[in-house]
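Before any comments, here is the structure.
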Protein chains: 2
Amino acid sequence: MSQILRQQIEKIIQITDAEFDHIFPHFTTKKFKKHQFVIQEGEYVPNDYFILNGCLKSYFTDKNGKEHILQFGMQDWWITDYQAYYNQSTATINIDCIEDSELLCLSFQNREKLCAEIHKIEHFFRKKTNKHNIALQQRILSLLSNNAKEKYDQLLQLYPLLFQKVPKQLIASYLGVTRETLSRFKSSSK
Amino acid sequence: MSQILRQQIEKIIQITDAEFDHIFPHFTTKKFKKHQFVIQEGEYVPNDYFILNGCLKSYFTDKNGKEHILQFGMQDWWITDYQAYYNQSTATINIDCIEDSELLCLSFQNREKLCAEIHKIEHFFRKKTNKHNIALQQRILSLLSNNAKEKYDQLLQLYPLLFQKVPKQLIASYLGVTRETLSRFKSSSK
């Protein structure tokens, strides 16, 4: 399973077996059941999570009890409450499992230690954070545009696998549309 | 003026005079007039911009010609189209000046060069990108929450100086409310 992480790292930097053998023990593996919380609002957020397998969602619940989905996560994506993780503060969002999931946990301390020890690991995480930034900018532009059909087409184009993994009502919630509207989009995009 | 940049860098890492003298020539200074474009949709985005003084906004224009504000920028903030800058592709948003502005321009090549040469500069940019990530996550949660009064209070708390620099109709546009609603918020927040 560690190969999934190594493959992602090697898309950005080259590492030797010895280097990977040093890096990998900084992660711990955890298994979560479908519906289980990984992060709950108000709790301390110790880890960033690299997804070995499974499917997760991050969301926040507003005062009226309505859930708003921030992000999904699938194999070889990273997920956490980044605001809480980077600031080492408590979560303002929840993360739970859409299906049984296995995660590699990287504590903030271990991430900082690896980045300080190995320049190219710091490079890897800077590049990953840049990519995350791009995804967040796209999400903001998509939310601002208010055109649900465009949001749907963009999501389908960027992450086709999501549509196989994530239940339709969650995709609809992410896009801010009803399930009926989503079904209409699906038939018109075929 | 270079001190504004140095002060920001030294909030995260320690650098010597000699190091700063090496780093600073990788930036070029440019002056822009009020209303002048820094980045235009469809154009190549060569630089990230550190704001020495002035005030800017990034926004995109939808198919109906409506402007949606993504971000403001003030002294010692960074601004660019990060999707285009990191991918070295063309802009999907515009950036223009709300008032006369002076910017330090850092090309993608120079940023990568400095990060490769000096480990602690890579650390600086990773930490800055983390902070940008937090701001983007906050913007998404604010957009999802749909509670304009909460968005207003959050913006005022995070960036009080914005309310002195940015015209009211742009703050209203950023929050997605009318100017009348904004005036109501202002009187109820005193």
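Following the order of the structure tokens, chains are lettered A, B, ..., residues in each are numbered from 1, and ligands are numbered from 1.
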
List the neighbours of region 26-42 of chain A out to 7 Å using only C-alpha atoms; skip same-chain residues closer than 6 positions along the sequence, and give me the result as a short mmCIF file (atom, residue, chain, number, x, y, z; two decimals) with C-alpha atoms, in the first residue's frame.
```
data_model
loop_
_atom_site.label_atom_id
_atom_site.label_comp_id
_atom_site.auth_asym_id
_atom_site.auth_seq_id
_atom_site.Cartn_x
_atom_site.Cartn_y
_atom_site.Cartn_z
CA THR A 90 -9.66 22.95 16.50
CA ALA A 91 -11.76 21.90 13.53
CA THR A 92 -14.50 24.10 12.04
CA ILE A 93 -15.59 21.30 9.69
CA ASN A 94 -16.31 17.56 9.83
CA ILE A 95 -14.79 14.77 7.78
CA ASP A 96 -16.44 11.37 7.58
CA CYS A 97 -16.28 8.26 5.43
CA ILE A 98 -18.65 7.66 2.52
CA GLU A 99 -17.31 4.10 2.43
CA ASP A 100 -14.82 2.05 4.48
CA SER A 101 -11.48 3.87 4.15
CA GLU A 102 -7.83 3.31 4.94
CA LEU A 103 -5.75 6.41 5.59
CA LEU A 104 -2.11 7.30 6.11
CA CYS A 105 -1.93 9.87 8.91
CA LEU A 106 0.82 12.49 8.92
CA ASN A 110 6.22 14.86 11.45
#
```

Give me, as a PDB file with N, CA and C atoms, in the first residue's frame, the contact residues of chain B against chain A at a cut-off of 7 Å, counting only C-alpha atoms.
```
ATOM      1  N   ASP B  62     -18.737  36.843 -15.502  1.00  0.00           N
ATOM      2  CA  ASP B  62     -19.512  35.709 -16.020  1.00  0.00           C
ATOM      3  C   ASP B  62     -20.118  36.032 -17.392  1.00  0.00           C
ATOM      4  N   HIS B  68     -17.552  39.011 -10.445  1.00  0.00           N
ATOM      5  CA  HIS B  68     -17.548  38.330  -9.149  1.00  0.00           C
ATOM      6  C   HIS B  68     -16.157  38.479  -8.550  1.00  0.00           C
ATOM      7  N   TYR B  82      -3.496  32.302  -9.337  1.00  0.00           N
ATOM      8  CA  TYR B  82      -2.606  31.206  -8.933  1.00  0.00           C
ATOM      9  C   TYR B  82      -2.768  29.970  -9.812  1.00  0.00           C
ATOM     10  N   GLN B  83      -3.969  29.738 -10.286  1.00  0.00           N
ATOM     11  CA  GLN B  83      -4.162  28.610 -11.203  1.00  0.00           C
ATOM     12  C   GLN B  83      -3.268  28.775 -12.431  1.00  0.00           C
ATOM     13  N   TYR B  86       0.741  28.904 -11.296  1.00  0.00           N
ATOM     14  CA  TYR B  86       1.332  27.596 -10.948  1.00  0.00           C
ATOM     15  C   TYR B  86       1.368  26.659 -12.148  1.00  0.00           C
ATOM     16  N   HIS B 119      17.011  26.372   0.750  1.00  0.00           N
ATOM     17  CA  HIS B 119      15.979  25.556   1.401  1.00  0.00           C
ATOM     18  C   HIS B 119      15.015  26.413   2.208  1.00  0.00           C
ATOM     19  N   GLU B 122      12.300  28.011   0.215  1.00  0.00           N
ATOM     20  CA  GLU B 122      11.240  27.042  -0.111  1.00  0.00           C
ATOM     21  C   GLU B 122      10.309  26.892   1.103  1.00  0.00           C
ATOM     22  N   HIS B 123      10.899  26.873   2.302  1.00  0.00           N
ATOM     23  CA  HIS B 123      10.092  26.807   3.526  1.00  0.00           C
ATOM     24  C   HIS B 123       9.177  28.028   3.628  1.00  0.00           C
ATOM     25  N   ARG B 126       6.363  27.671   1.171  1.00  0.00           N
ATOM     26  CA  ARG B 126       5.415  26.636   1.590  1.00  0.00           C
ATOM     27  C   ARG B 126       4.501  27.186   2.681  1.00  0.00           C
ATOM     28  N   THR B 129       2.039  29.633   1.264  1.00  0.00           N
ATOM     29  CA  THR B 129       0.995  28.940   0.501  1.00  0.00           C
ATOM     30  C   THR B 129       0.002  28.270   1.442  1.00  0.00           C
ATOM     31  N   ASN B 130       0.509  27.734   2.561  1.00  0.00           N
ATOM     32  CA  ASN B 130      -0.396  27.182   3.580  1.00  0.00           C
ATOM     33  C   ASN B 130      -1.390  28.250   4.049  1.00  0.00           C
ATOM     34  N   ASN B 133      -3.946  28.957   1.523  1.00  0.00           N
ATOM     35  CA  ASN B 133      -4.900  27.854   1.577  1.00  0.00           C
ATOM     36  C   ASN B 133      -5.969  28.065   2.631  1.00  0.00           C
ATOM     37  N   ILE B 134      -5.550  28.511   3.802  1.00  0.00           N
ATOM     38  CA  ILE B 134      -6.493  28.780   4.894  1.00  0.00           C
ATOM     39  C   ILE B 134      -7.472  29.874   4.463  1.00  0.00           C
ATOM     40  N   LEU B 136      -8.356  30.693   1.446  1.00  0.00           N
ATOM     41  CA  LEU B 136      -9.250  30.167   0.419  1.00  0.00           C
ATOM     42  C   LEU B 136     -10.323  29.268   1.050  1.00  0.00           C
ATOM     43  N   ILE B 140     -14.396  29.794   0.899  1.00  0.00           N
ATOM     44  CA  ILE B 140     -15.356  28.778   0.460  1.00  0.00           C
ATOM     45  C   ILE B 140     -16.435  28.569   1.524  1.00  0.00           C
ATOM     46  N   LEU B 144     -20.389  29.199   1.129  1.00  0.00           N
ATOM     47  CA  LEU B 144     -21.373  28.129   1.326  1.00  0.00           C
ATOM     48  C   LEU B 144     -22.384  28.491   2.405  1.00  0.00           C
ATOM     49  N   SER B 145     -21.940  29.272   3.387  1.00  0.00           N
ATOM     50  CA  SER B 145     -22.806  29.495   4.548  1.00  0.00           C
ATOM     51  C   SER B 145     -24.051  30.309   4.191  1.00  0.00           C
TER      52      SER B 145
END
```

Coordinates-based distance that separates CA of Pro160 (chain A) from CA of Asp76 (chain A) (Å, one decimal) =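 Computing it gives 14.9 Å between the two atoms.
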
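We find CA of Leu5 (chain A) and CA of Cys55 (chain A) to be spaced 16.3 Å apart.
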
Separation of CA of Gln7 (chain B) from CA of Phe72 (chain B), in Å and rounded to one decimal |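 Answer for the CA of Gln7 (chain B) to CA of Phe72 (chain B) separation: 21.0 Å.
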
All helix (DSSP H, G or I) positions in chain B, as an MDAnalysis selection string | chainID B and resid 2:10 17:26 82:87 108:117 119:145 148:158 162:165 168:175 179:189

Taking the backbone alone, and naming residues the way the document does, which bits of region 26-128 of chain A are strand (DSSP E or B) by DSSP, as an NGL selection string?
-> :A and (27-32 or 37-39 or 44 or 47-61 or 67-73 or 78-79 or 90 or 94-107)

Could you name the residues that touch Asp153 (chain A) at 12 Å or less, counting only C-alpha atoms, but leaving out those on the same chain fewer than 3 positions away, as a list in words?
->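 Neighbouring residues, sequence-local ones excluded: Ser142, Asn147, Ala148, Lys149, Glu150, Leu156, Gln157, Leu158, Tyr159, Pro160, Phe163, Leu175, Leu182, Phe185, Lys186, Ser187, Ser188, Ser189 and Lys190 of chain A.
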
If we count only C-alpha atoms, what is near Ile23 (chain A) at a cut-off of 10 Å, once residues fewer than 6 positions away on the same chain are taken out, given as JSON, numbers by chain?
-> {"A": [6, 15, 17, 110, 111, 114, 118, 121]}
